[in-house]
Amino acid sequence: MTARALFLDRDGTLIVDKVYLADPAGVELIPGVAAALRRARSLGYQLFLFTNQSGIGRGYHTLADTERVNARLEELLGLPAPVFDGICIAPERSDQPPVYRKPSPRFILETVAARRLDPADCWMVGDSAADLGAAAAAGIRAAAVRTGKIDPQILPEVAAGRVPLFADLPAFVASLS
């Protein structure tokens, strides 16, 4: 089996998007996500959390707050720890030069190289143009989900049929073999 992975957006893909979420008590899983991640693991996919958190750069909350939110996410998933093989928290504001902030492909490219992943067997799954842009820039596949705050059908890649659109992460994972 080739080394393959899912790069997963957090807000709007795994959990309900609550802008600048800093309180772990506010974490709300999107239905079916835990079972979908369990199935992805059983299919041999490594799981990587890739989240833009401009609230850190804006001073709305701290990196420690975001780490507590991520820990609560993992707790609610109820999967063997660690749930994620790697986590990238991009703290840059959208008006700052991107280092890891999506659509920067840096985290994906570094992870693909370090883990010797096959880019043809890697996906970025998310709900925004930034998620799809990171996948395109890294040379991996992208999938859009409808569980975020925007309608991904308006994204040019989705509208043109270049990126598949799924109701949610469980529907995407059900399409994998």
# chains A, B, ... in the order shown; residues from 1 in each chain; ligands from 1
$ select_by_dssp --residues "stretch 43-145 of chain A" --states "helix (DSSP H, G or I)" --output "count of residues only"
42
$ residues_around --residues "A:Leu29" --least-positions-apart "4" --cutoff "7 Å" --atoms "only C-alpha atoms" --output "JSON, numbers by chain"
{"A": [14, 15, 16, 33]}
$ residues_around --residues "stretch 64-69 of chain A" --least-positions-apart "2" --cutoff "10 Å" --atoms "only C-alpha atoms" --output "list in words"
Tyr20, Leu21, Ala22, Asp23, Pro24, Ala25, Gly26, Val27, Thr51, Gln53, Gly55, Ile56, Tyr60, His61, Thr62, Ala71, Arg72, Leu73, Glu74, Glu75, Ile87, Ile89 and Pro91 of chain A
$ write_last_selection --atoms "N, CA and C atoms" --output "compact mmCIF listing (two decimals), in the first residue's frame"
# COMPACT_ATOMS: atom_id res chain seq x y z
N TYR A 20 -13.41 32.44 15.33
CA TYR A 20 -12.43 32.69 16.39
C TYR A 20 -12.70 31.86 17.63
N LEU A 21 -12.98 30.59 17.44
CA LEU A 21 -13.25 29.69 18.55
C LEU A 21 -12.02 29.56 19.45
N ALA A 22 -12.18 29.93 20.71
CA ALA A 22 -11.09 29.86 21.67
C ALA A 22 -11.45 29.06 22.90
N ASP A 23 -12.72 28.73 23.06
CA ASP A 23 -13.20 28.03 24.24
C ASP A 23 -13.48 26.57 23.87
N PRO A 24 -12.78 25.63 24.48
CA PRO A 24 -13.01 24.22 24.18
C PRO A 24 -14.46 23.78 24.37
N ALA A 25 -15.20 24.46 25.24
CA ALA A 25 -16.61 24.12 25.46
C ALA A 25 -17.46 24.37 24.21
N GLY A 26 -16.96 25.17 23.29
CA GLY A 26 -17.70 25.48 22.08
C GLY A 26 -17.48 24.50 20.95
N VAL A 27 -16.65 23.50 21.15
CA VAL A 27 -16.37 22.55 20.08
C VAL A 27 -17.59 21.66 19.86
N THR A 51 -5.15 23.92 9.94
CA THR A 51 -6.13 24.94 10.28
C THR A 51 -5.56 26.35 10.30
N GLN A 53 -5.75 29.91 11.76
CA GLN A 53 -6.26 30.48 13.01
C GLN A 53 -5.79 31.92 13.15
N GLY A 55 -7.19 34.33 14.39
CA GLY A 55 -7.51 34.93 15.69
C GLY A 55 -6.29 35.05 16.59
N ILE A 56 -5.32 34.16 16.40
CA ILE A 56 -4.07 34.25 17.17
C ILE A 56 -3.32 35.50 16.74
N TYR A 60 -7.00 37.85 19.34
CA TYR A 60 -8.30 37.49 19.90
C TYR A 60 -8.19 36.30 20.86
N HIS A 61 -7.23 35.45 20.61
CA HIS A 61 -6.97 34.31 21.49
C HIS A 61 -5.52 33.87 21.29
N THR A 62 -5.10 32.90 22.07
CA THR A 62 -3.70 32.49 22.06
C THR A 62 -3.52 31.13 21.37
N ALA A 71 -7.43 19.82 21.42
CA ALA A 71 -7.48 18.69 22.36
C ALA A 71 -8.91 18.26 22.63
N ARG A 72 -9.82 19.23 22.75
CA ARG A 72 -11.24 18.90 22.95
C ARG A 72 -11.80 18.20 21.71
N LEU A 73 -11.40 18.64 20.54
CA LEU A 73 -11.80 17.97 19.30
C LEU A 73 -11.38 16.50 19.35
N GLU A 74 -10.13 16.25 19.68
CA GLU A 74 -9.64 14.87 19.75
C GLU A 74 -10.40 14.07 20.81
N GLU A 75 -10.68 14.69 21.94
CA GLU A 75 -11.42 14.01 23.01
C GLU A 75 -12.82 13.61 22.51
N ILE A 87 -0.21 18.19 13.11
CA ILE A 87 -1.13 19.32 13.20
C ILE A 87 -0.39 20.57 12.79
N ILE A 89 -1.09 24.60 12.81
CA ILE A 89 -1.91 25.75 13.19
C ILE A 89 -1.24 26.97 12.58
N PRO A 91 -1.08 30.77 12.37
CA PRO A 91 -1.60 31.90 13.13
C PRO A 91 -1.63 33.22 12.38
$ closest_residue --among "A:Ala114, A:Ala159, A:Asp9, A:Ala3" --to "A:Ala90" --atoms "only C-alpha atoms"
A:Asp9
$ residues_around --residues "A:Leu8" --least-positions-apart "3" --cutoff "8 Å" --atoms "only C-alpha atoms" --output "number ranges by chain"
A: 13-14, 47-51, 124-126
$ closest_residue --among "A:Ala137, A:Ala142, A:Leu76, A:Ala129" --to "A:Ile154" --atoms "only C-alpha atoms"
A:Ala129
$ select_by_dssp --residues "chain A" --states "strand (DSSP E)" --output "NGL selection string"
:A and (4-8 or 45-52 or 86-90 or 122-126 or 141-145 or 165-166)
$ atom_distance --atom1 "atom CA of A:Lys18" --atom2 "atom CA of A:Ala167"
19.0 Å
$ atom_distance --atom1 "atom CA of A:Ala136" --atom2 "atom CA of A:Ala5"
15.3 Å
$ residues_around --residues "A:Ala130" --least-positions-apart "4" --cutoff "9 Å" --atoms "only C-alpha atoms" --output "list in words"
Arg101, Lys102, Pro103, Ser104, Gly126, Ala134 and Ala135 of chain A
$ closest_residue --among "A:Leu77, A:Val112, A:Ala144, A:Val19" --to "A:Leu169" --atoms "only C-alpha atoms"
A:Ala144
$ closest_residue --among "A:Leu109, A:Val99, A:Ala81, A:Leu117" --to "A:Gln46" --atoms "only C-alpha atoms"
A:Leu117
$ closest_residue --among "A:Ala36, A:Ala171, A:Ile140, A:Leu176" --to "A:Ala120" --atoms "only C-alpha atoms"
A:Ile140
$ closest_residue --among "A:Ala34, A:Ala174, A:Ala160, A:Cys122" --to "A:Val83" --atoms "only C-alpha atoms"
A:Ala34
$ residues_around --residues "A:Ala143" --least-positions-apart "3" --cutoff "9 Å" --atoms "only C-alpha atoms" --output "PyMOL selection string"
chain A and resi 123-127+131-132+158+163-166+172
$ atom_distance --atom1 "atom CA of A:Ser54" --atom2 "atom CA of A:Arg4"
28.4 Å
